[in-house]
Amino acid sequence: MIQSSESLLIGKVCLVTGATAGIGRVTANALADKGAQLVIHGRNRIKAEETVQEIKASTGNQQVSYLLADFSDLDQVKMLARDFKDRFDKLHVLVNNTGAFFNKRIQTPYGVEKTFLVNHLAPFTLTNLLLDTLKGSPPARIVNVSSDGHKQGKLDFEDLEMNRGYFGMKAYGRSKLANILFTYELARRLEGTGVVVNALHPGHIATNIWKNDFGFLGPVLKWFISQIALTPEEGAENSIYLATAPDLEGVSGKYFTKNEPAQSSPASYDEETARRLWDVSADLATLSKN
């Protein structure tokens, strides 16, 4: 019997990061609507509590809870992983949705600038700390939200703080390239475990990501983009598809756009760069490289 996506998540535990707004919020609502035991991540307690109540009301699913962490603080990310594992012994779907754009360079204590920290190093850390739980819950899925902006990204391991030539879109593209390199390397490491991982381009979405560091121009920029961009509902379709589609059982190490496998940039297929990124990221996050 072919299993439908409507029943695939009954009894399954799903974690969606950055789920209090935008495509993360839409994705979380869809997974709850399909019967998942849902955990959302957010930074703000009030906003997280409101989102949980809204999802419960709209879906009728009462198995919805939240965990808090600021992804610019790796100690909080590690605490999020510990809190999750204290409450759940299974994880069937992890959607790494959190993303940020910073028009100005912001230094961090981790040897990278803030865009790279929030968009790559934090989800890298969280995923690694939850891998044993995912491996104990086969079949399980990891969904990494990247962007076609990765095609303009280049990695410079000698300047991960971007002290030279910082530009917001350049930093964003580099962090999204890291998402895909991480996805492909993780897929290779997870072969035979029953856990798959794929990345996606959600489309060009008008979300709060465009408010950071633009001052009074932030809302104006968001409004302008909203006139030409997809809605969060449209942008979330790819994430929901990768998390739930029965025909993707066993499919791993792919990059999707519009629910179809697509070619990512040539740089994203460099296995030596992917391995180096893994090792550098593990060092920066003080994690085991294995």
# chains A, B, ... in the order shown; residues from 1 in each chain; ligands from 1
$ select_by_dssp --residues "region 8-179 of chain A" --states "strand (DSSP E)" --output "list in words"
Val13, Cys14, Leu15, Val16, Gln37, Leu38, Val39, Ile40, His41, Gly42, Val64, Ser65, Tyr66, Leu67, Leu68, Val93, Leu94, Val95, Asn96, Ala140, Arg141, Ile142, Val143, Asn144 and Val145 of chain A
$ residues_around --residues "Gly11 (chain A)" --least-positions-apart "4" --cutoff "10 Å" --atoms "only C-alpha atoms" --output "list in words"
Ser7, Gly35, Ala36, Gln37, Gln63 and His92 of chain A
$ atom_distance --atom1 "CA of His41 (chain A)" --atom2 "CA of Arg188 (chain A)"
27.1 Å
$ closest_residue --among "A:Asp132, A:Glu260, A:Asp279, A:Glu234" --to "Gly22 (chain A)" --atoms "only C-alpha atoms"
A:Glu234
$ residues_around --residues "Lys154 (chain A)" --least-positions-apart "2" --cutoff "7 Å" --atoms "only C-alpha atoms" --output "ChimeraX atom specification"
/A:152,156,174
$ closest_residue --among "A:Ala171, A:Leu121, A:Ile180, A:Leu94" --to "Thr17 (chain A)" --atoms "only C-alpha atoms"
A:Leu94
$ residues_around --residues "Phe167 (chain A)" --least-positions-apart "5" --cutoff "9 Å" --atoms "only C-alpha atoms" --output "number ranges by chain"
A: 102-105, 162, 172
$ residues_around --residues "Ile142 (chain A)" --least-positions-apart "5" --cutoff "7 Å" --atoms "only C-alpha atoms" --output "NGL selection string"
:A and (93-95 or 196-198)
$ write_last_selection --atoms "N, CA and C atoms" --output "short mmCIF file (atom, residue, chain, number, x, y, z; two decimals), in the first residue's frame"
data_model
loop_
_atom_site.label_atom_id
_atom_site.label_comp_id
_atom_site.auth_asym_id
_atom_site.auth_seq_id
_atom_site.Cartn_x
_atom_site.Cartn_y
_atom_site.Cartn_z
N VAL A 93 11.95 14.08 11.74
CA VAL A 93 12.15 15.14 10.75
C VAL A 93 12.77 16.35 11.44
N LEU A 94 13.90 16.80 10.91
CA LEU A 94 14.53 18.04 11.36
C LEU A 94 14.57 19.00 10.18
N VAL A 95 13.92 20.14 10.33
CA VAL A 95 13.94 21.16 9.28
C VAL A 95 14.80 22.33 9.77
N VAL A 196 18.13 10.49 5.78
CA VAL A 196 18.45 11.19 4.54
C VAL A 196 18.50 12.69 4.81
N VAL A 197 19.22 13.40 3.94
CA VAL A 197 19.34 14.85 4.08
C VAL A 197 19.34 15.48 2.70
N ASN A 198 18.55 16.51 2.54
CA ASN A 198 18.48 17.25 1.28
C ASN A 198 18.40 18.74 1.57
#
$ closest_atom_pairs --of "region 233-257 of chain A" --to "region 262-270 of chain A" --cutoff "9 Å" --atoms "only C-alpha atoms" --output "CSV"
residue,atom,partner,partner_atom,distance
A:Lys254,CA,A:Ala262,CA,7.7
A:Tyr255,CA,A:Ala262,CA,5.6
A:Phe256,CA,A:Ala262,CA,5.3
A:Thr257,CA,A:Ala262,CA,6.2
$ closest_residue --among "A:Ile106, A:Cys14, A:Ala285, A:Met169" --to "Ser137 (chain A)" --atoms "only C-alpha atoms"
A:Cys14
$ atom_distance --atom1 "CA of Arg189 (chain A)" --atom2 "CA of Leu131 (chain A)"
10.9 Å
$ residues_around --residues "Asp89 (chain A)" --least-positions-apart "2" --cutoff "10 Å" --atoms "only C-alpha atoms" --output "list in words"
Val13, Phe84, Lys85, Asp86, Arg87, Leu91, Asp132, Thr133, Leu134, Gly136 and Ser137 of chain A
